[in-house]
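**Student:** Structure file start-v1.txt (compact mmCIF, C-alpha atoms) right here:
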```txt
# COMPACT_ATOMS: atom_id res chain seq x y z
CA MET X 7 29.96 26.02 -17.60
CA LEU X 8 31.02 23.13 -19.80
CA ARG X 9 30.69 20.55 -17.03
CA LYS X 10 28.81 17.42 -18.11
CA SER X 11 25.34 17.33 -16.58
CA SER X 12 25.34 14.97 -13.61
CA VAL X 13 21.92 13.68 -14.63
CA ALA X 14 23.41 12.01 -17.70
CA VAL X 15 25.91 10.21 -15.46
CA ALA X 16 23.18 9.22 -12.99
CA LYS X 17 20.90 7.84 -15.70
CA ASN X 18 23.68 5.82 -17.23
CA ARG X 19 24.73 4.31 -13.88
CA LEU X 20 21.12 3.61 -13.01
CA ARG X 21 20.41 1.87 -16.30
CA ILE X 22 23.33 -0.51 -15.75
CA LEU X 23 22.35 -1.17 -12.11
CA VAL X 24 18.68 -1.75 -12.83
CA THR X 25 19.39 -4.04 -15.77
CA SER X 26 21.77 -6.27 -13.85
CA ASP X 27 19.35 -6.36 -10.88
CA ARG X 28 16.50 -7.39 -13.15
CA VAL X 29 18.23 -10.39 -14.71
CA GLU X 30 20.32 -11.06 -11.61
CA CYS X 31 23.53 -10.99 -13.58
CA SER X 32 26.60 -8.78 -13.74
CA PRO X 33 26.81 -5.81 -16.11
CA GLY X 34 29.31 -7.88 -18.11
CA ASP X 35 26.75 -10.65 -18.57
CA TYR X 36 24.30 -8.09 -19.91
CA ASP X 37 26.85 -7.10 -22.55
CA ASN X 38 27.27 -10.76 -23.46
CA ILE X 39 23.51 -11.27 -23.75
CA CYS X 40 23.32 -8.31 -26.14
CA ARG X 41 26.30 -9.50 -28.17
CA GLU X 42 24.97 -13.04 -28.53
CA LEU X 43 21.49 -11.87 -29.44
CA TYR X 44 23.02 -9.55 -31.98
CA SER X 45 25.14 -12.25 -33.58
CA SER X 46 22.33 -14.81 -33.75
CA LEU X 47 19.73 -12.38 -35.08
CA SER X 48 22.11 -10.90 -37.62
CA LYS X 49 22.17 -14.30 -39.37
CA TYR X 50 18.58 -13.65 -40.40
CA MET X 51 18.29 -9.87 -40.75
CA GLU X 52 20.37 -6.84 -41.61
CA LEU X 53 21.55 -5.44 -38.32
CA THR X 54 23.91 -2.65 -37.45
CA GLU X 55 24.94 -1.69 -33.95
CA GLU X 56 23.03 1.54 -34.41
CA ASN X 57 19.65 -0.01 -35.19
CA PHE X 58 19.75 -2.82 -32.65
CA LYS X 59 18.93 -2.37 -28.97
CA VAL X 60 18.11 -4.77 -26.15
CA ASP X 61 16.08 -3.54 -23.17
CA ILE X 62 15.69 -5.79 -20.18
CA CYS X 63 12.46 -4.84 -18.41
CA ARG X 64 11.18 -6.29 -15.15
CA THR X 65 8.92 -8.83 -16.80
CA HIS X 66 10.16 -9.14 -20.37
CA ILE X 67 13.06 -8.51 -22.71
CA LEU X 68 12.48 -5.94 -25.42
CA ILE X 69 14.50 -6.06 -28.61
CA THR X 70 14.27 -2.93 -30.69
CA PHE X 71 15.30 -3.14 -34.31
CA ALA X 72 15.71 -0.70 -37.21
CA GLY X 73 15.74 3.03 -37.07
CA ASP X 74 13.81 3.30 -33.83
CA GLU X 75 14.69 6.25 -31.69
CA THR X 76 16.74 4.97 -28.77
CA MET E 14 -15.54 -3.25 0.60
CA GLY E 15 -12.37 -1.29 1.30
CA GLU E 16 -9.02 -1.28 -0.40
CA VAL E 17 -5.67 -2.08 1.17
CA ILE E 18 -2.82 0.11 -0.09
CA VAL E 19 0.78 -0.42 0.98
CA VAL E 20 3.14 2.58 0.88
CA THR E 21 6.62 1.22 0.26
CA SER E 22 10.02 2.20 -1.15
CA GLY E 23 12.80 -0.24 -0.37
CA LYS E 24 15.18 2.50 0.66
CA GLY E 25 14.66 4.29 3.94
CA GLY E 26 14.27 8.01 4.40
CA VAL E 27 12.51 8.80 1.12
CA GLY E 28 9.24 9.87 2.72
CA LYS E 29 7.02 6.80 3.15
CA THR E 30 5.73 7.81 6.57
CA THR E 31 5.07 11.44 5.64
CA THR E 32 3.33 10.25 2.48
CA THR E 33 1.18 7.78 4.42
CA ALA E 34 0.18 10.44 6.97
CA ASN E 35 -0.73 12.97 4.29
CA ILE E 36 -2.62 10.58 2.06
CA GLY E 37 -4.49 9.26 5.09
CA ALA E 38 -5.50 12.79 6.09
CA GLY E 39 -6.34 13.70 2.49
CA LEU E 40 -8.58 10.72 1.85
CA SER E 41 -10.50 11.44 5.04
CA MET E 42 -10.87 15.08 3.94
CA LEU E 43 -12.48 13.64 0.82
CA ASP E 44 -15.08 11.91 3.03
CA LYS E 45 -13.54 8.47 3.08
CA LYS E 46 -13.25 6.33 6.16
CA VAL E 47 -9.54 5.70 6.53
CA ILE E 48 -7.22 3.73 8.79
CA VAL E 49 -3.44 4.12 8.65
CA ILE E 50 -1.34 1.31 10.09
CA ASP E 51 2.31 1.60 11.08
CA THR E 52 3.83 -1.79 10.24
CA ASP E 53 7.38 -0.82 11.17
CA LEU E 54 7.75 -2.91 14.34
CA GLY E 55 10.44 -1.61 16.67
CA LEU E 56 10.77 1.74 14.89
CA ARG E 57 7.47 3.47 15.50
CA ASN E 58 7.19 6.77 13.61
CA LEU E 59 3.84 7.30 11.97
CA ASP E 60 2.26 8.38 15.28
CA VAL E 61 4.93 11.07 15.69
CA VAL E 62 4.54 12.41 12.16
CA MET E 63 0.78 12.61 12.75
CA GLY E 64 1.22 14.22 16.19
CA LEU E 65 -0.64 11.42 17.98
CA GLU E 66 2.26 9.98 19.98
CA ASN E 67 0.75 10.86 23.36
CA GLN E 68 -2.43 8.91 22.80
CA ILE E 69 -1.04 5.41 22.35
CA VAL E 70 -2.34 2.74 24.70
CA TYR E 71 -2.29 -0.47 22.66
CA ASN E 72 -0.58 -1.30 19.36
CA LEU E 73 -0.60 -3.52 16.30
CA VAL E 74 1.06 -6.46 18.07
CA ASP E 75 -1.46 -6.27 20.94
CA VAL E 76 -4.29 -6.52 18.42
CA VAL E 77 -2.73 -9.42 16.53
CA GLU E 78 -1.93 -11.31 19.74
CA GLY E 79 -5.40 -10.69 21.13
CA THR E 80 -4.20 -8.66 24.16
CA CYS E 81 -6.83 -6.07 23.30
CA ARG E 82 -9.73 -5.59 20.93
CA LEU E 83 -9.10 -3.71 17.68
CA LYS E 84 -11.29 -0.80 18.80
CA GLN E 85 -9.18 -0.31 21.93
CA ALA E 86 -5.98 0.13 19.94
CA LEU E 87 -7.34 2.55 17.34
CA ILE E 88 -6.54 6.21 17.84
CA ARG E 89 -8.97 8.60 16.28
CA ASP E 90 -7.45 11.74 14.76
CA LYS E 91 -9.89 14.36 16.02
CA ARG E 92 -8.86 16.90 13.37
CA TYR E 93 -10.61 14.76 10.76
CA GLU E 94 -14.01 13.26 10.32
CA SER E 95 -12.92 9.64 10.02
CA LEU E 96 -9.19 9.03 10.27
CA TYR E 97 -7.81 6.34 12.56
CA LEU E 98 -4.28 5.23 13.41
CA LEU E 99 -3.18 1.77 14.46
CA PRO E 100 0.30 2.38 15.89
CA SER E 101 3.24 0.02 15.77
CA ALA E 102 4.94 -1.60 18.76
CA GLN E 103 8.14 0.10 19.80
CA THR E 104 9.53 -2.73 21.94
CA ARG E 105 8.94 -5.67 19.62
CA ASP E 106 10.63 -6.79 16.40
CA LYS E 107 9.55 -7.83 12.92
CA THR E 108 9.01 -11.47 13.91
CA ALA E 109 6.22 -10.60 16.38
CA ILE E 110 3.66 -10.87 13.59
CA SER E 111 3.38 -12.99 10.46
CA PRO E 112 2.17 -12.25 6.91
CA GLY E 113 -0.81 -14.54 7.57
CA GLN E 114 -1.86 -12.51 10.62
CA MET E 115 -1.57 -9.26 8.68
CA LYS E 116 -3.67 -10.66 5.87
CA LYS E 117 -6.37 -11.69 8.34
CA LEU E 118 -6.33 -8.27 10.03
CA THR E 119 -6.53 -6.27 6.79
CA SER E 120 -9.35 -8.40 5.42
CA GLU E 121 -11.35 -7.70 8.60
CA LEU E 122 -10.63 -3.98 8.32
CA LYS E 123 -11.86 -3.95 4.72
CA GLU E 124 -15.37 -4.53 6.04
CA GLU E 125 -15.33 -1.30 7.97
CA PHE E 126 -12.99 1.14 6.21
CA ASP E 127 -12.84 2.54 2.68
CA TYR E 128 -9.06 2.69 2.70
CA ILE E 129 -6.50 0.81 4.75
CA LEU E 130 -3.07 2.42 4.32
CA LEU E 131 -0.02 0.47 5.42
CA ASP E 132 3.20 2.32 6.18
CA CYS E 133 5.82 -0.25 5.21
CA PRO E 134 9.26 -0.47 6.83
CA ALA E 135 12.38 0.00 4.71
CA GLY E 136 14.07 -3.14 3.40
CA ILE E 137 12.79 -6.36 1.87
CA GLU E 138 12.78 -8.60 4.95
CA GLN E 139 9.89 -9.85 7.03
CA GLY E 140 8.56 -6.39 7.82
CA PHE E 141 8.09 -5.82 4.09
CA GLN E 142 6.55 -9.27 3.63
CA ASN E 143 4.11 -8.55 6.49
CA ALA E 144 3.11 -5.20 5.02
CA ILE E 145 2.43 -6.47 1.51
CA ALA E 146 0.67 -9.69 2.56
CA GLY E 147 -2.84 -8.26 2.46
CA ALA E 148 -2.27 -5.40 0.01
CA ASP E 149 -4.46 -4.92 -3.06
CA ARG E 150 -2.27 -2.22 -4.52
CA ALA E 151 0.94 -0.37 -3.79
CA ILE E 152 2.25 3.17 -3.83
CA ILE E 153 6.00 3.26 -4.38
CA VAL E 154 7.75 6.33 -3.03
CA THR E 155 11.12 7.32 -4.42
CA THR E 156 13.36 10.36 -4.70
CA PRO E 157 15.32 11.39 -7.82
CA GLU E 158 18.49 9.62 -6.64
CA VAL E 159 20.29 6.59 -8.10
CA SER E 160 20.10 4.50 -4.91
CA ALA E 161 16.43 5.24 -4.21
CA ILE E 162 15.36 4.50 -7.80
CA ARG E 163 17.37 1.30 -7.91
CA ASP E 164 15.66 0.10 -4.71
CA ALA E 165 12.26 1.13 -6.06
CA ASP E 166 12.86 -1.02 -9.15
CA ARG E 167 13.68 -4.03 -6.96
CA ILE E 168 10.57 -3.42 -4.85
CA ILE E 169 8.33 -3.18 -7.91
CA GLY E 170 9.78 -6.47 -9.15
CA LEU E 171 9.07 -8.11 -5.78
CA LEU E 172 5.53 -6.70 -5.70
CA GLU E 173 4.83 -7.93 -9.22
CA SER E 174 6.03 -11.42 -8.34
CA SER E 175 3.81 -11.30 -5.24
CA ARG E 176 0.82 -10.66 -7.53
CA ILE E 177 0.52 -6.96 -6.69
CA LYS E 178 0.33 -5.44 -10.15
CA ASP E 179 -1.59 -2.25 -9.41
CA ASN E 180 1.43 -0.09 -8.63
CA ALA E 181 1.72 3.69 -8.74
CA LEU E 182 4.72 5.93 -8.30
CA ILE E 183 5.28 9.01 -6.15
CA ILE E 184 8.48 10.94 -6.80
CA ASN E 185 9.35 12.93 -3.71
CA ARG E 186 11.66 15.87 -2.96
CA ILE E 187 12.09 17.22 -6.45
CA ARG E 188 14.09 20.42 -6.72
CA MET E 189 13.13 22.15 -9.93
CA ASP E 190 16.10 24.53 -9.76
CA MET E 191 18.45 21.53 -9.88
CA VAL E 192 16.42 19.75 -12.56
CA LYS E 193 16.74 22.84 -14.75
CA LYS E 194 20.49 22.86 -14.34
CA GLY E 195 20.71 19.20 -15.31
CA ASP E 196 21.77 18.19 -11.82
CA MET E 197 18.67 16.30 -10.75
CA MET E 198 16.72 13.66 -12.63
CA SER E 199 13.35 14.92 -13.78
CA VAL E 200 9.96 13.29 -13.29
CA ASP E 201 10.18 11.99 -16.86
CA ASP E 202 13.67 10.54 -16.32
CA VAL E 203 12.48 8.59 -13.28
CA THR E 204 9.20 7.33 -14.77
CA GLU E 205 11.02 6.25 -17.92
CA ILE E 206 13.35 4.00 -15.92
CA LEU E 207 10.74 2.56 -13.55
CA SER E 208 7.96 2.33 -16.16
CA ILE E 209 4.99 2.33 -13.81
CA PRO E 210 2.24 4.97 -13.79
CA LEU E 211 2.99 8.19 -11.94
CA ILE E 212 0.45 9.26 -9.32
CA GLY E 213 2.25 12.34 -8.03
CA ALA E 214 5.46 14.36 -8.02
CA ILE E 215 6.15 16.35 -4.87
CA PRO E 216 8.58 19.25 -4.68
CA ASP E 217 11.08 19.60 -1.86
CA ASP E 218 8.78 21.90 0.08
CA GLU E 219 9.77 23.46 3.40
CA PHE E 220 6.15 23.17 4.53
CA VAL E 221 6.66 19.39 4.70
CA VAL E 222 9.46 19.89 7.25
CA ILE E 223 7.37 22.40 9.19
CA GLY E 224 4.46 19.97 9.17
CA THR E 225 6.50 17.08 10.56
CA ASN E 226 7.98 19.36 13.22
CA GLN E 227 4.50 20.20 14.41
CA GLY E 228 2.92 16.79 13.89
CA GLU E 229 0.52 18.20 11.33
CA PRO E 230 -0.05 17.00 7.80
CA VAL E 231 1.01 19.42 5.09
CA ILE E 232 -2.18 18.61 3.24
CA GLY E 233 -4.15 21.13 5.28
CA MET E 234 -1.65 23.91 4.62
CA ASP E 235 -1.67 26.41 1.83
CA SER E 236 1.38 25.01 0.06
CA LEU E 237 2.17 23.35 -3.25
CA ALA E 238 3.04 20.03 -1.59
CA GLY E 239 -0.28 20.13 0.25
CA LYS E 240 -2.21 20.70 -2.97
CA ILE E 241 -0.33 17.91 -4.71
CA TYR E 242 -1.04 15.45 -1.88
CA LEU E 243 -4.74 16.24 -2.17
CA ASN E 244 -4.60 15.61 -5.92
CA ILE E 245 -2.81 12.31 -5.29
CA CYS E 246 -5.71 11.31 -3.04
CA LYS E 247 -8.18 12.14 -5.79
CA ARG E 248 -6.18 10.04 -8.24
CA ILE E 249 -6.17 7.16 -5.75
CA MET E 250 -9.98 7.42 -5.74
CA GLY E 251 -9.94 7.12 -9.52
CA MET E 252 -10.54 10.76 -10.44
CA GLU E 253 -8.66 12.25 -13.36
CA VAL E 254 -6.69 15.25 -12.16
CA PRO E 255 -4.15 17.00 -14.40
CA PHE E 256 -0.57 17.01 -13.11
CA GLU E 257 0.60 20.15 -11.37
CA ASP E 258 3.23 22.62 -12.54
CA LEU E 259 6.00 22.26 -9.98
CA ASN E 260 7.34 25.73 -10.75
CA SER E 261 4.22 27.53 -9.69
CA GLY E 262 4.84 26.99 -5.99
CA ARG E 263 8.09 28.90 -5.99
CA GLY E 264 8.28 32.55 -5.26
CA PHE E 265 8.68 35.21 -7.89
CA LEU E 266 12.26 35.88 -6.82
CA ALA E 267 13.26 32.20 -7.06
CA ARG E 268 11.84 32.01 -10.56
CA LEU E 269 13.62 35.19 -11.53
CA THR E 270 16.97 33.77 -10.40
CA ASP E 271 16.22 30.63 -12.46
CA ILE E 272 16.04 32.83 -15.52
CA PHE E 273 19.47 34.26 -14.77
CA HIS E 274 20.91 30.83 -14.07
CA LYS E 275 19.85 29.63 -17.50
CA ASN E 276 21.99 32.23 -19.22
```
Please, can you express the file's structure as structure tokens?
**Tutor:**
Amino acid sequence: MLRKSSVAVAKNRLRILVTSDRVECSPGDYDNICRELYSSLSKYMELTEENFKVDICRTHILITFAGDET
Amino acid sequence: MGEVIVVTSGKGGVGKTTTTANIGAGLSMLDKKVIVIDTDLGLRNLDVVMGLENQIVYNLVDVVEGTCRLKQALIRDKRYESLYLLPSAQTRDKTAISPGQMKKLTSELKEEFDYILLDCPAGIEQGFQNAIAGADRAIIVTTPEVSAIRDADRIIGLLESSRIKDNALIINRIRMDMVKKGDMMSVDDVTEILSIPLIGAIPDDEFVVIGTNQGEPVIGMDSLAGKIYLNICKRIMGMEVPFEDLNSGRGFLARLTDIFHKN
């Protein structure tokens, strides 16, 4: 069976849903937030798309930078 | 001084009422004085799950409106040392009581009971607001499904903004055979997304269905779900109990077929 595990699909959908619920914005807005944070922070530090991650939690926004396991 | 715990989920049908009934029974088995309150006005269910539906005389709305005294409305579950039910009103709606009235009632009950468990209705409207008004802490019940987890996240956010920060998670109806095949989110998957402490993970156990059919809590039965409910009660009381192995409850044959499925 080479079928993609449905859990991976569920987790991905859930992550998008939960994030847009938390900041009360659309999934597209979330992408924009990430992009703008990326472009402003990259003026001051060496960022690549691989080592930069934005997590929107219920009470805070978590920005992970550099080599951290995502 | 007792503690008020609301059992909530956002989404309906994930097992709030069954959880409330079992935790209520379990805490009283552990020598606590417990009252369970059905706050779902208009859709009374907790009495049925507990098998006490024939003993109702007065209900929550009668108590709040002063039609009867609290003692008259309480139904004692004779199978336990000190477990009481305050049933909901079947012919009234959510607006019959207010959050202020619930807060007053629960603070009075704290004087007399160790634990006050509130079975919360589904949704985030007034019924939810009533149920959380007097709560000190919350148990969030979810199942490993996208819609249930999404609702749980919303509920936790609403609880946190209502100053209820002591939240614990129960993941219900886990099917280990599906988890192994990658077709059901695991306990870790769910806790990672919701990021609140886990207090119990309950397998999809047929004893739970049998229990609700008969109006008996599964906690008294010799089943994995029953054992896990009892451990959840101990954790609620602050004891440290290691988490159970969900595979151990399944028969030898089921586990053997798992091995074949893997290959």
**Student:** Smallest atom-to-atom distance to chain X: which of E:Ile215, E:Leu171, E:Ile245, E:Ala135, using only C-alpha atoms?
**Tutor:** E:Leu171
**Student:** Measuring atom to atom with only C-alpha atoms, identify which of E:Val231, E:Leu182, E:Val200, E:Arg167 is nearest to Arg64 in chain X.
**Tutor:**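 The shortest atom-to-atom distance to Arg64 in chain X comes from E:Arg167.
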**Student:** Need the shell around range 46-55 of chain X: protein/DNA/RNA residues with any atom at most 9 Å away, counting only C-alpha atoms. Skip same-chain ones fewer than 5 positions apart. Format as a list in words?
**Tutor:**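 Result of the neighbour search: Arg41, Phe71 and Ala72 of chain X.
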**Student:** What are the residues of chain X that have an atom within 12 Å of an atom of chain E, counting all atoms listed in the file, as an MDAnalysis selection string?
**Tutor:** chainID X and resid 7:30 61:66
**Student:** Could you write out that same residue set with C-alpha atoms as an mmCIF file, keeping the file's coordinate frame?
**Tutor:**
```cif
data_model
loop_
_atom_site.group_PDB
_atom_site.id
_atom_site.type_symbol
_atom_site.label_atom_id
_atom_site.label_comp_id
_atom_site.auth_asym_id
_atom_site.auth_seq_id
_atom_site.Cartn_x
_atom_site.Cartn_y
_atom_site.Cartn_z
ATOM 1 C CA MET X 7 29.960 26.020 -17.600
ATOM 2 C CA LEU X 8 31.020 23.130 -19.800
ATOM 3 C CA ARG X 9 30.690 20.550 -17.030
ATOM 4 C CA LYS X 10 28.810 17.420 -18.110
ATOM 5 C CA SER X 11 25.340 17.330 -16.580
ATOM 6 C CA SER X 12 25.340 14.970 -13.610
ATOM 7 C CA VAL X 13 21.920 13.680 -14.630
ATOM 8 C CA ALA X 14 23.410 12.010 -17.700
ATOM 9 C CA VAL X 15 25.910 10.210 -15.460
ATOM 10 C CA ALA X 16 23.180 9.220 -12.990
ATOM 11 C CA LYS X 17 20.900 7.840 -15.700
ATOM 12 C CA ASN X 18 23.680 5.820 -17.230
ATOM 13 C CA ARG X 19 24.730 4.310 -13.880
ATOM 14 C CA LEU X 20 21.120 3.610 -13.010
ATOM 15 C CA ARG X 21 20.410 1.870 -16.300
ATOM 16 C CA ILE X 22 23.330 -0.510 -15.750
ATOM 17 C CA LEU X 23 22.350 -1.170 -12.110
ATOM 18 C CA VAL X 24 18.680 -1.750 -12.830
ATOM 19 C CA THR X 25 19.390 -4.040 -15.770
ATOM 20 C CA SER X 26 21.770 -6.270 -13.850
ATOM 21 C CA ASP X 27 19.350 -6.360 -10.880
ATOM 22 C CA ARG X 28 16.500 -7.390 -13.150
ATOM 23 C CA VAL X 29 18.230 -10.390 -14.710
ATOM 24 C CA GLU X 30 20.320 -11.060 -11.610
ATOM 25 C CA ASP X 61 16.080 -3.540 -23.170
ATOM 26 C CA ILE X 62 15.690 -5.790 -20.180
ATOM 27 C CA CYS X 63 12.460 -4.840 -18.410
ATOM 28 C CA ARG X 64 11.180 -6.290 -15.150
ATOM 29 C CA THR X 65 8.920 -8.830 -16.800
ATOM 30 C CA HIS X 66 10.160 -9.140 -20.370
#
```
**Student:** If you measure from CA of Pro210 in chain E to CA of Pro33 in chain X, what distance in Å do you get, rounded to one decimal?
**Tutor:**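 According to the coordinates, CA of Pro210 in chain E and CA of Pro33 in chain X are separated by 26.9 Å.
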**Student:** Find the residues around Glu16 in chain E up to 12 Å (only C-alpha atoms counted), leave out those fewer than 3 positions away in its own chain, and share them as a list in words.
**Tutor:**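 In the requested form, the answer reads Val19, Lys45, Lys46, Val47, Ile48, Val49, Thr119, Ser120, Glu121, Leu122, Lys123, Glu124, Glu125, Phe126, Asp127, Tyr128, Ile129, Leu130, Leu131, Gly147, Ala148, Asp149, Arg150, Ala151, Asp179, Ile249 and Met250 of chain E.
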**Student:** Out of E:Asn143, E:Val20, E:Ser101, E:Arg248, which residue has the shortest atom-to-atom distance to Ala34 in chain E when counting only C-alpha atoms?
**Tutor:**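 Of E:Asn143, E:Val20, E:Ser101, E:Arg248, the one nearest Ala34 in chain E, counting only C-alpha atoms, is E:Val20.
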**Student:** Calculate how many Å separate CA of Phe256 in chain E from CA of Asp218 in chain E, rounding to one decimal.
**Tutor:** 16.9 Å
**Student:** Between E:Lys116, E:Lys91, E:Lys193, E:Lys29, which has the minimum distance to Asp51 in chain E (counting only C-alpha atoms)?
**Tutor:** E:Lys29
**Student:** Which residue, E:Glu94, E:Asp258, E:Glu138, E:Asp132, has the smallest gap to Met189 in chain E when you use only C-alpha atoms?
**Tutor:** E:Asp258
**Student:** Measure the distance from CA of Cys246 in chain E to CA of Asn260 in chain E in Å and round it to one decimal.
**Tutor:** 20.9 Å
**Student:** Starting from the point (16.3, -9.9, -29.9), work out which residues of protein, DNA or RNA have an atom no more than 7 Å away when counting all atoms listed in the file; state them as a list of chain:residue names.
**Tutor:**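 These residues have at least one counted atom within 7 Å: X:Leu43, X:Leu47, X:Val60, X:Ile69.
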**Student:** Just the residues within 12 Å of Glu257 in chain E, please, counting all atoms listed in the file, with nothing from its chain fewer than 4 positions along; format it as an MDAnalysis selection string.
**Tutor:** chainID E and resid 200 212:216 237:245 261:262
**Student:** Which residue is closest to Leu40 in chain E? Choose from E:Ile110, E:Leu59, E:Leu96, E:Ile145 and count all atoms listed in the file.
**Tutor:**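 Of E:Ile110, E:Leu59, E:Leu96, E:Ile145, the one nearest Leu40 in chain E, counting all atoms listed in the file, is E:Leu96.
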